[in-house]
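Novice: This is the structure, below, for whatever I ask next.
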Amino acid sequence: MLGLNKNDATLFLVVLALTMLAPFILNPFPEGSGMAQFNAGYPDLMQRFVIFGIFAIGFNILFGLTGYLSFGHAAFLGVGSYAAIWSLKLFTLDVIPAIIFAIILAGAFSLLVGFISLRRSGIYFSILTLAFAQMSYALAYSVLTPLTGGETGLQIKGTDTPLLSNVADGEIGRANLLGAEMSSGFDMAVGSWLFTFNLGYYIAAVAMLIAFYLSIRIFRSPFGMMLRAVKSNQQRMNYTGLSPKPYTLAAFVISGMYAGLAGGLMVAMDTQVGPERMFWTASGEVVIMTILGGAGTLLGPVLGAGFIKYFENIVSKINKDILHNWFAFLPDGFEDVMVSLVYPFVGKGWHLTLGILFMLVVIFLPGGLVEGGQRLIGLFRRKSKSSEAGKADGTEPAE
Amino acid sequence: MDQIIVQILNGLDKGSAYALIALGLTLIFGTLGVVNFAHGALFMLGSFCAVIMSRILSASHTVIDETRTDFLGNPLKVDVPYVYDWFGEAAGQTIIDWAVPISILFAIPVMIGVGFIMERGLIKHFYKRPHADQILVTFGLAIVLQEVIKYFFGANPIQTPAPEAFTGSLDFGVWLGFDPLTIMYPYWRLVYFLFAALIIAAVFAFLQFTTFGMVVRAGMADRETVGILGIDIDKRFTLMFGIAAAVAGLAGVMYAPIVAPNYHMGMDFLVLSFVVVVVGGMGSLPGAVAAGFLLGILESFASMPWMVDKLPGINQIIIYLVAIIILLTRPRGLMGRKGVMED
């Protein structure tokens with residue numbers, strides 16, 4: 001299907017189903033129940049899932065395939081965001097041109113940065129990209145204020161009159177797609193469940209599906225093989241008469257364009273930008289996402305992005321009262337002990353859990369969550385096989 | 001002229017911090033071949049050693065003072081630090097006042113211990129893994145360390161003042177024949193610079209003039225041969241990791257009065273220190289120190305008003321700009337050794 005082999009097509013269809021049905025899947029708990037706060041099916045968070053998914057997929061094309069660890073990818077996200085917001089402010093309130101501008105500008109900027117940074121590899125490459133990103137952040141924060149709005153950032157104001165959109169004077173324009181506003185959508189109530197369908201989410205989801213499809217094609221293409229060759233042995237590649245530079249540069253620009261797409265979508269969903277989007281911790285976040293999910297795997301980055309955003313938005317909201325509720329079945333003393341044991345790791349301390357988890361993944365699971373999942377499946381397969389062989393009396397296989 | 005001297009002086013204290021962190025980073029990289037992204041966190045831990053020490057020293061118990069009354073007419077409750085009881089009030093006050101310098105004594109064993117645990121517990125297993133893995137795992141460790149500190153000390157900066165004797169400023173210009181009050185330099189920054197110079201000298205002397213240091217240098221040059229000669233180089237390298245951690249920690253302890261410690265100060269310094277290491281040349285100790293001071297001074301020159309007028313924003317990006325230029329023109333950095341991380 002679509003030039004994919006059977007396994008990839010299945011994977012793609014699974015991702016397609018998951019993203020399209022996300023409002024259902026992410027809202028497993030009925031409204032008003034104690035678990036309702038673990039519902040992630042609200043538009044804002046779902047949009048973040050897919051947008052950061054795109055960002056991480058793009059980063060994975062660079063890091064997962066070529067092994068070049070960029071610590072400055074947030075710069076491209078930021079450039080994309082600024083390009084998109086200017087398109088919304090000056091050109092048209094339609095999001096499609098904004099996203100296209102974001103991709104083009106981020107691609108151009110990543111071409112420049114990549115051309116210079118890729119002259120070195122290893123830790124030097126990381127430092128160079130980091131230096132470029134920090135420079136962009138510092139400039140966006142200070143000197144480029146007329147372009148970037150400085151510390152306050154940019155948002156659509158009542159004074160903005162985009163060229164192609166009819167906005168009444170003083171009215172604050174809203175981003176739209178062919179006239180339909182991003183925030184439009186409808187709610188569906190089934191029993192005590194409430195599912196929200198949101199146009200913005202579906203636009204971002206379609207963008208992510210396209211991005212995901214392209215990344216599968218890149219992974220399976222001869223070009224992808226070349227990128228892998230860069231990672232495994234550059235010297236050998238040189239000896240066979242191939243220069244790695246154009247391949248790595250292409251990968252760098254592609255991943256920069258992915259970042260631009262993510263930045264553009266971010267602006268389309270929530271029409272504002274600030275320079276903190278380019279700070280190096282933002283670059284660090286996408287590194288963590290990709291590694292946590294599994295660098296070099298197709299699904300890993302998306303999983304990692306979803307995982308971290310879920311933590312950031314849901315787990316961080318757990319407070320002491322909720323913990324007391326959870327452990328209420330324990331005797332009083334135990335309850336307090338459990339709460340004080342668990343509390344440092346949730347709520348405001350979620351970064352701690354994330355850091356520990358990240359370290360564990362780097363140490364024990366270089367393939368990230370995806371490898372962990374595969375190992376688990378492998379383990380159960382072996383077990384169920386041996387149990388089938390051992391006792392044929394119809395016990396349930398562990399799968 | 002006086003402007004130039006002022007800027008050089010201003011650059012010195014920041015440069016000292018960069019140099020100390022970069023020195024530790026280079027020690028670790030040169031001996032163990034590990035890129036330690038948690039080094040900034042060690043700097044931060046050092047700062048918090050100062051915070052902890054000043055809290056321990058000012059730990060107090062409540063005493064009811066019968067001679068005075070509060071506004072309700074009850075006997076006044078006064079918090080009396082334990083050190084007052086032990087050493088008398090005057091001496092106790094001095095001890096609390098000197099909390100930051102005293103915490104140096106506390107920080108050295110703590111930081112060496114932290115370094116030991118880190119190396120034996122975690123880094124040891126990463127020698128054979130790619131540099132990217134080392135960066136990632138130490139980056140994770142840095143997050144964990146700073147979150148632990150955040151859990152215990154909160155997210156807000158904690159003021160830790162320098163001893164009263166060092167609060168003023170030195171009128172440096174008078175010594176050089178300028179008018180009074182043209183070149184003022186806070187005493188504590190001078191102390192910091194001298195302290196940094198002392199530490200750097202001590203590390204170099206340790207490596208240069210002791211048998212232990214000689215073996216370590218030999219191990220840095222050729223680890224395998226030293227091993228073949230029957231020397232357990234790993235053990236010595238572990239100790240070097242501890243020393244590097246202590247250097248970063250001491251840099252942090254003494255920096256506490258300059259910038260109030262907060263849990264993410266390490267990360268801010270780490271990024272710059274890495275740039276410093278790369279500019280100085282990976283694996284070169286003198287390079288790290290020289291680049292630290294150089295970049296510190298360059299940064300303060302770039303923030304001079306007329307400089308910012310001519311090239312707006314230059315003060316924000318100068319370090320990165322220099323790093324990019326150096327990396328592209330001198331691939332080994334300023335004083336990089338041949339064959340160390342060249343690719």
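Identifiers in the structure tokens: chain A, B, ... in order shown; residue index from 1 per chain; ligand index from 1 in order shown.
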So that I can check the surroundings of Trp188 (chain B), please list as a list in words every protein, DNA and RNA residue that reaches within 7 Å of it, counting only C-alpha atoms and ignoring chain neighbours fewer than 3 positions away.
Specialist: Phe166, Thr167, Val191 and Tyr192 of chain B
Novice: For those residues, write all heavy atoms to a file as a PDB file, in the first residue's frame.
Specialist:
```pdb
ATOM      1  N   PHE B 166      34.293  41.153  53.527  1.00  0.00           N
ATOM      2  CA  PHE B 166      34.514  41.248  52.087  1.00  0.00           C
ATOM      3  C   PHE B 166      33.393  41.950  51.357  1.00  0.00           C
ATOM      4  O   PHE B 166      33.274  41.849  50.156  1.00  0.00           O
ATOM      5  CB  PHE B 166      34.667  39.848  51.494  1.00  0.00           C
ATOM      6  CG  PHE B 166      35.854  39.113  52.006  1.00  0.00           C
ATOM      7  CD1 PHE B 166      35.717  37.987  52.774  1.00  0.00           C
ATOM      8  CD2 PHE B 166      37.133  39.582  51.720  1.00  0.00           C
ATOM      9  CE1 PHE B 166      36.811  37.309  53.245  1.00  0.00           C
ATOM     10  CE2 PHE B 166      38.240  38.910  52.187  1.00  0.00           C
ATOM     11  CZ  PHE B 166      38.085  37.779  52.960  1.00  0.00           C
ATOM     12  N   THR B 167      32.520  42.655  52.085  1.00  0.00           N
ATOM     13  CA  THR B 167      31.359  43.194  51.395  1.00  0.00           C
ATOM     14  C   THR B 167      31.668  44.420  50.557  1.00  0.00           C
ATOM     15  O   THR B 167      31.031  44.654  49.555  1.00  0.00           O
ATOM     16  CB  THR B 167      30.235  43.534  52.385  1.00  0.00           C
ATOM     17  OG1 THR B 167      30.842  44.144  53.508  1.00  0.00           O
ATOM     18  CG2 THR B 167      29.457  42.309  52.765  1.00  0.00           C
ATOM     19  N   VAL B 191      38.530  37.952  45.835  1.00  0.00           N
ATOM     20  CA  VAL B 191      38.765  36.703  46.563  1.00  0.00           C
ATOM     21  C   VAL B 191      38.498  35.520  45.655  1.00  0.00           C
ATOM     22  O   VAL B 191      39.264  34.568  45.610  1.00  0.00           O
ATOM     23  CB  VAL B 191      37.866  36.651  47.813  1.00  0.00           C
ATOM     24  CG1 VAL B 191      37.904  35.261  48.434  1.00  0.00           C
ATOM     25  CG2 VAL B 191      38.296  37.691  48.813  1.00  0.00           C
ATOM     26  N   TYR B 192      37.396  35.627  44.904  1.00  0.00           N
ATOM     27  CA  TYR B 192      37.032  34.507  44.041  1.00  0.00           C
ATOM     28  C   TYR B 192      38.120  34.250  43.011  1.00  0.00           C
ATOM     29  O   TYR B 192      38.518  33.111  42.768  1.00  0.00           O
ATOM     30  CB  TYR B 192      35.708  34.800  43.330  1.00  0.00           C
ATOM     31  CG  TYR B 192      35.149  33.583  42.646  1.00  0.00           C
ATOM     32  CD1 TYR B 192      34.430  32.644  43.364  1.00  0.00           C
ATOM     33  CD2 TYR B 192      35.375  33.337  41.298  1.00  0.00           C
ATOM     34  CE1 TYR B 192      33.949  31.507  42.774  1.00  0.00           C
ATOM     35  CE2 TYR B 192      34.894  32.203  40.694  1.00  0.00           C
ATOM     36  CZ  TYR B 192      34.169  31.298  41.438  1.00  0.00           C
ATOM     37  OH  TYR B 192      33.704  30.161  40.833  1.00  0.00           O
TER      38      TYR B 192
END
```
Novice: Residues near region 282-295 of chain A, anyone? I mean within 6 Å using only C-alpha atoms, not counting same-chain ones fewer than 3 positions away, as a PyMOL selection string.
Specialist: chain A and resi 56+64+71-74+279+300-301+303-305+367-370
Novice: Take the residues from that selection and put them in a file with C-alpha atoms, as an mmCIF file, in the first residue's frame.
Specialist:
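So selection_36.cif came out as:
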```
data_model
loop_
_atom_site.group_PDB
_atom_site.id
_atom_site.type_symbol
_atom_site.label_atom_id
_atom_site.label_comp_id
_atom_site.auth_asym_id
_atom_site.auth_seq_id
_atom_site.Cartn_x
_atom_site.Cartn_y
_atom_site.Cartn_z
ATOM 1 C CA ALA A 56 10.503 14.276 17.308
ATOM 2 C CA GLY A 64 18.263 8.087 14.636
ATOM 3 C CA PHE A 71 21.361 20.111 20.632
ATOM 4 C CA GLY A 72 19.881 23.053 18.793
ATOM 5 C CA HIS A 73 16.781 21.834 17.048
ATOM 6 C CA ALA A 74 14.476 24.167 18.913
ATOM 7 C CA PHE A 279 15.943 28.005 24.455
ATOM 8 C CA GLY A 300 9.603 5.646 18.974
ATOM 9 C CA PRO A 301 9.707 9.433 18.651
ATOM 10 C CA LEU A 303 5.591 7.506 21.571
ATOM 11 C CA GLY A 304 8.261 9.480 23.396
ATOM 12 C CA ALA A 305 6.616 12.797 22.553
ATOM 13 C CA GLY A 367 16.320 1.275 21.823
ATOM 14 C CA GLY A 368 13.949 3.134 24.106
ATOM 15 C CA LEU A 369 10.373 2.225 24.923
ATOM 16 C CA VAL A 370 9.957 0.552 21.542
#
```
Novice: Return as CSV the residues of chain A lying at most 10 Å from chain B, together with the closest atom-to-atom pair for each and the distance in Å to one decimal, counting only C-alpha atoms, with rows in chain order and ascending residue number.
Specialist:
```
residue,atom,partner,partner_atom,distance
A:Gly67,CA,B:Ala132,CA,8.3
A:Tyr68,CA,B:Ala132,CA,8.6
A:Leu69,CA,B:Ala132,CA,6.9
A:Ile116,CA,B:Leu328,CA,8.0
A:Ser117,CA,B:Ile324,CA,8.5
A:Arg119,CA,B:Leu328,CA,7.5
A:Arg120,CA,B:Asp343,CA,6.6
A:Ser121,CA,B:Asp343,CA,6.0
A:Gly122,CA,B:Asp343,CA,7.2
A:Ile123,CA,B:His131,CA,7.4
A:Tyr124,CA,B:Val278,CA,7.3
A:Phe125,CA,B:Leu327,CA,9.5
A:Ser126,CA,B:Ala132,CA,9.3
A:Ile127,CA,B:Val275,CA,6.7
A:Leu128,CA,B:Ile324,CA,6.3
A:Thr129,CA,B:Ile324,CA,9.3
A:Leu130,CA,B:Val271,CA,8.2
A:Ala131,CA,B:Tyr320,CA,5.1
A:Phe132,CA,B:Tyr320,CA,7.2
A:Ala133,CA,B:Tyr320,CA,9.5
A:Gln134,CA,B:Tyr320,CA,7.6
A:Met135,CA,B:Ile317,CA,5.3
A:Ser136,CA,B:Ile317,CA,8.6
A:Tyr137,CA,B:Ile317,CA,9.3
A:Ala138,CA,B:Gln316,CA,5.8
A:Leu139,CA,B:Gly313,CA,6.5
A:Ala140,CA,B:Gly313,CA,9.7
A:Tyr141,CA,B:Gly313,CA,9.3
A:Ser142,CA,B:Gly313,CA,6.4
A:Val143,CA,B:Gly313,CA,5.3
A:Leu144,CA,B:Gly313,CA,8.7
A:Trp280,CA,B:Val271,CA,8.9
A:Thr281,CA,B:Met267,CA,9.2
A:Gly284,CA,B:Phe139,CA,8.9
A:Val287,CA,B:Leu136,CA,8.6
A:Ile288,CA,B:Leu136,CA,8.3
A:Ile291,CA,B:Leu136,CA,8.7
A:Pro344,CA,B:Tyr151,CA,7.1
A:Phe345,CA,B:Tyr151,CA,9.7
A:Lys348,CA,B:Tyr151,CA,8.8
A:Gly349,CA,B:Glu147,CA,7.0
A:Trp350,CA,B:Glu147,CA,8.9
A:His351,CA,B:Glu147,CA,6.7
A:Leu352,CA,B:Val144,CA,5.3
A:Thr353,CA,B:Val144,CA,8.0
A:Leu354,CA,B:Val144,CA,8.2
A:Gly355,CA,B:Gly140,CA,5.1
A:Ile356,CA,B:Val144,CA,6.3
A:Leu357,CA,B:Gly140,CA,8.5
A:Phe358,CA,B:Gly140,CA,6.0
A:Met359,CA,B:Gly140,CA,5.2
A:Leu360,CA,B:Val137,CA,8.5
A:Val361,CA,B:Val137,CA,8.9
A:Val362,CA,B:Val137,CA,6.0
A:Ile363,CA,B:Val137,CA,7.1
A:Pro366,CA,B:Asp133,CA,8.5
```
Novice: Please return, as a count of residues only, all residues of region 159-312 of chain A that DSSP assigns to helix (DSSP H, G or I) on the basis of the backbone.
Specialist: 96
Novice: Choose the residue, out of B:Pro305, B:Pro186, B:Gly227, B:Gly242, that has the smallest atom-to-atom separation from Leu9 (chain B); count only C-alpha atoms.
Specialist: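 Using only C-alpha atoms, the shortest distance to Leu9 (chain B) belongs to B:Pro186.
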Novice: Name the residues in contact with Arg120 (chain B) at a cut-off of 8 Å, using only C-alpha atoms, excluding same-chain residues fewer than 4 positions from it; report them as an mmCIF file with all heavy atoms, in the first residue's frame.
Specialist:
```cif
data_model
loop_
_atom_site.group_PDB
_atom_site.id
_atom_site.type_symbol
_atom_site.label_atom_id
_atom_site.label_comp_id
_atom_site.auth_asym_id
_atom_site.auth_seq_id
_atom_site.Cartn_x
_atom_site.Cartn_y
_atom_site.Cartn_z
ATOM 1 N N PHE B 116 33.012 10.139 43.487
ATOM 2 C CA PHE B 116 33.291 8.707 43.599
ATOM 3 C C PHE B 116 32.061 7.886 43.261
ATOM 4 O O PHE B 116 32.098 6.965 42.451
ATOM 5 C CB PHE B 116 33.709 8.384 45.036
ATOM 6 C CG PHE B 116 35.143 8.063 45.179
ATOM 7 C CD1 PHE B 116 36.078 9.077 45.246
ATOM 8 C CD2 PHE B 116 35.568 6.750 45.229
ATOM 9 C CE1 PHE B 116 37.415 8.779 45.366
ATOM 10 C CE2 PHE B 116 36.898 6.452 45.344
ATOM 11 C CZ PHE B 116 37.829 7.470 45.420
ATOM 12 N N LYS B 124 31.286 4.489 35.127
ATOM 13 C CA LYS B 124 32.130 3.312 34.862
ATOM 14 C C LYS B 124 31.563 2.454 33.740
ATOM 15 O O LYS B 124 32.305 1.915 32.928
ATOM 16 C CB LYS B 124 32.209 2.496 36.151
ATOM 17 C CG LYS B 124 33.225 1.399 36.150
ATOM 18 C CD LYS B 124 33.248 0.712 37.498
ATOM 19 C CE LYS B 124 32.142 -0.303 37.603
ATOM 20 N NZ LYS B 124 32.170 -1.040 38.874
ATOM 21 N N THR B 238 39.491 7.168 38.950
ATOM 22 C CA THR B 238 38.316 7.414 39.790
ATOM 23 C C THR B 238 38.587 8.569 40.745
ATOM 24 O O THR B 238 37.758 9.462 40.916
ATOM 25 C CB THR B 238 37.963 6.164 40.603
ATOM 26 O OG1 THR B 238 37.865 5.074 39.720
ATOM 27 C CG2 THR B 238 36.666 6.352 41.329
#
```
Novice: With only C-alpha atoms as the counted atoms, please give the residues lying no more than 12 Å from Leu21 (chain A), apart from itself and same-chain residues fewer than 4 positions off, as a list of chain:residue names.
Specialist: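 In the requested format, the answer is A:Leu13, A:Val14, A:Val15, A:Leu16, A:Ala17, A:Ile25, A:Leu26, A:Asn27, A:Pro28, A:Gly41, A:Met46, A:Phe195, A:Thr196, A:Phe197, A:Asn198, A:Tyr201, A:Tyr202, A:Ala205.
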Novice: Keeping only all heavy atoms, write those residues as a compact mmCIF listing (two decimals), in the first residue's frame.
Specialist:
```
# COMPACT_ATOMS: atom_id res chain seq x y z
N LEU A 13 -1.18 2.05 9.37
CA LEU A 13 -2.63 2.01 9.60
C LEU A 13 -2.94 2.08 11.09
O LEU A 13 -3.90 2.74 11.49
CB LEU A 13 -3.22 0.72 9.00
CG LEU A 13 -3.29 0.74 7.47
CD1 LEU A 13 -3.84 -0.56 6.95
CD2 LEU A 13 -4.17 1.91 7.00
N VAL A 14 -2.11 1.44 11.90
CA VAL A 14 -2.33 1.50 13.35
C VAL A 14 -2.20 2.94 13.83
O VAL A 14 -3.07 3.46 14.57
CB VAL A 14 -1.32 0.59 14.08
CG1 VAL A 14 -1.36 0.87 15.58
CG2 VAL A 14 -1.62 -0.86 13.82
N VAL A 15 -1.14 3.61 13.37
CA VAL A 15 -0.96 5.00 13.78
C VAL A 15 -2.12 5.86 13.27
O VAL A 15 -2.62 6.72 13.99
CB VAL A 15 0.40 5.54 13.27
CG1 VAL A 15 0.51 7.03 13.53
CG2 VAL A 15 1.52 4.81 13.94
N LEU A 16 -2.53 5.58 12.04
CA LEU A 16 -3.66 6.33 11.48
C LEU A 16 -4.91 6.16 12.35
O LEU A 16 -5.56 7.14 12.73
CB LEU A 16 -3.95 5.81 10.06
CG LEU A 16 -5.15 6.44 9.34
CD1 LEU A 16 -4.74 7.73 8.69
CD2 LEU A 16 -5.72 5.50 8.30
N ALA A 17 -5.19 4.92 12.71
CA ALA A 17 -6.38 4.66 13.53
C ALA A 17 -6.24 5.34 14.89
O ALA A 17 -7.18 5.99 15.37
CB ALA A 17 -6.56 3.15 13.71
N ILE A 25 -9.82 7.38 22.45
CA ILE A 25 -8.84 6.56 23.16
C ILE A 25 -8.26 7.30 24.36
O ILE A 25 -8.04 6.70 25.41
CB ILE A 25 -7.70 6.18 22.19
CG1 ILE A 25 -8.25 5.32 21.06
CG2 ILE A 25 -6.60 5.44 22.92
CD1 ILE A 25 -7.32 5.20 19.90
N LEU A 26 -8.07 8.60 24.20
CA LEU A 26 -7.44 9.33 25.28
C LEU A 26 -8.43 9.73 26.37
O LEU A 26 -8.05 10.33 27.37
CB LEU A 26 -6.74 10.58 24.73
CG LEU A 26 -5.55 10.27 23.82
CD1 LEU A 26 -5.00 11.54 23.22
CD2 LEU A 26 -4.47 9.56 24.60
N ASN A 27 -9.70 9.43 26.15
CA ASN A 27 -10.71 9.77 27.17
C ASN A 27 -11.36 8.52 27.73
O ASN A 27 -12.56 8.33 27.62
CB ASN A 27 -11.79 10.66 26.55
CG ASN A 27 -11.60 12.10 26.94
OD1 ASN A 27 -10.65 12.42 27.65
ND2 ASN A 27 -12.47 12.96 26.48
N PRO A 28 -10.60 7.63 28.33
CA PRO A 28 -11.19 6.35 28.75
C PRO A 28 -12.04 6.46 30.01
O PRO A 28 -12.80 5.55 30.30
CB PRO A 28 -9.98 5.46 28.98
CG PRO A 28 -8.86 6.39 29.26
CD PRO A 28 -9.19 7.72 28.69
N GLY A 41 -7.84 13.64 26.54
CA GLY A 41 -8.52 13.87 25.27
C GLY A 41 -9.02 15.27 25.07
O GLY A 41 -10.01 15.47 24.37
N MET A 46 -4.03 17.14 22.99
CA MET A 46 -3.93 16.26 21.82
C MET A 46 -3.11 16.94 20.73
O MET A 46 -2.30 16.31 20.06
CB MET A 46 -5.32 15.92 21.29
CG MET A 46 -6.07 14.97 22.19
SD MET A 46 -7.51 14.26 21.38
CE MET A 46 -8.46 15.70 21.02
N PHE A 195 -16.66 13.37 24.57
CA PHE A 195 -15.55 13.36 23.61
C PHE A 195 -15.55 14.65 22.84
O PHE A 195 -16.59 15.10 22.36
CB PHE A 195 -15.69 12.18 22.65
CG PHE A 195 -15.78 10.86 23.35
CD1 PHE A 195 -16.95 10.12 23.32
CD2 PHE A 195 -14.69 10.37 24.06
CE1 PHE A 195 -17.03 8.91 23.97
CE2 PHE A 195 -14.76 9.16 24.71
CZ PHE A 195 -15.93 8.41 24.67
N THR A 196 -14.38 15.27 22.71
CA THR A 196 -14.28 16.53 22.01
C THR A 196 -13.57 16.33 20.68
O THR A 196 -12.47 15.77 20.66
CB THR A 196 -13.48 17.54 22.84
OG1 THR A 196 -13.97 17.49 24.16
CG2 THR A 196 -13.63 18.93 22.29
N PHE A 197 -14.20 16.76 19.61
CA PHE A 197 -13.56 16.71 18.30
C PHE A 197 -13.23 18.13 17.90
O PHE A 197 -14.09 19.00 17.97
CB PHE A 197 -14.47 16.06 17.28
CG PHE A 197 -14.75 14.64 17.61
CD1 PHE A 197 -15.81 14.31 18.45
CD2 PHE A 197 -13.93 13.64 17.11
CE1 PHE A 197 -16.04 13.00 18.79
CE2 PHE A 197 -14.17 12.32 17.45
CZ PHE A 197 -15.23 11.99 18.29
N ASN A 198 -11.99 18.34 17.50
CA ASN A 198 -11.52 19.70 17.30
C ASN A 198 -10.82 19.79 15.96
O ASN A 198 -10.00 18.92 15.63
CB ASN A 198 -10.60 20.05 18.47
CG ASN A 198 -9.81 21.29 18.23
OD1 ASN A 198 -8.70 21.20 17.73
ND2 ASN A 198 -10.35 22.42 18.57
N TYR A 201 -6.97 19.99 16.01
CA TYR A 201 -6.30 18.72 16.26
C TYR A 201 -6.24 17.90 14.99
O TYR A 201 -5.21 17.31 14.66
CB TYR A 201 -7.02 17.93 17.35
CG TYR A 201 -6.55 16.50 17.40
CD1 TYR A 201 -5.28 16.21 17.86
CD2 TYR A 201 -7.32 15.46 16.91
CE1 TYR A 201 -4.80 14.92 17.86
CE2 TYR A 201 -6.86 14.17 16.90
CZ TYR A 201 -5.60 13.90 17.37
OH TYR A 201 -5.12 12.63 17.35
N TYR A 202 -7.34 17.86 14.25
CA TYR A 202 -7.33 16.99 13.07
C TYR A 202 -6.39 17.49 11.99
O TYR A 202 -5.77 16.70 11.28
CB TYR A 202 -8.75 16.76 12.57
CG TYR A 202 -9.41 15.66 13.36
CD1 TYR A 202 -10.25 15.93 14.41
CD2 TYR A 202 -9.08 14.34 13.09
CE1 TYR A 202 -10.80 14.91 15.17
CE2 TYR A 202 -9.62 13.31 13.84
CZ TYR A 202 -10.48 13.60 14.88
OH TYR A 202 -10.98 12.58 15.63
N ALA A 205 -3.13 16.43 13.16
CA ALA A 205 -3.00 14.98 13.07
C ALA A 205 -2.73 14.56 11.63
O ALA A 205 -1.89 13.68 11.39
CB ALA A 205 -4.28 14.32 13.58
```
Novice: Just want the 7 Å neighbourhood of Thr31 (chain B), counted on only C-alpha atoms, with same-chain residues fewer than 3 positions away dropped. Output as a ChimeraX atom specification.
Specialist: /B:27-28,220,237
Novice: List the spatial neighbours of Ala19 (chain B) as a ChimeraX atom specification - criterion: any atom at most 12 Å away, only C-alpha atoms, same-chain residues fewer than 5 positions off excluded.
Specialist: /B:11-14,24-27,192-193,195-197,199-201,247-248,251,269-270,272-277,279-280,285-297
Novice: In terms of the shortest atom-to-atom distance over only C-alpha atoms, which of B:Ser284, B:Asn262, B:Ser16, B:Ser300 is closest to Pro157 (chain B)?
Specialist: B:Asn262
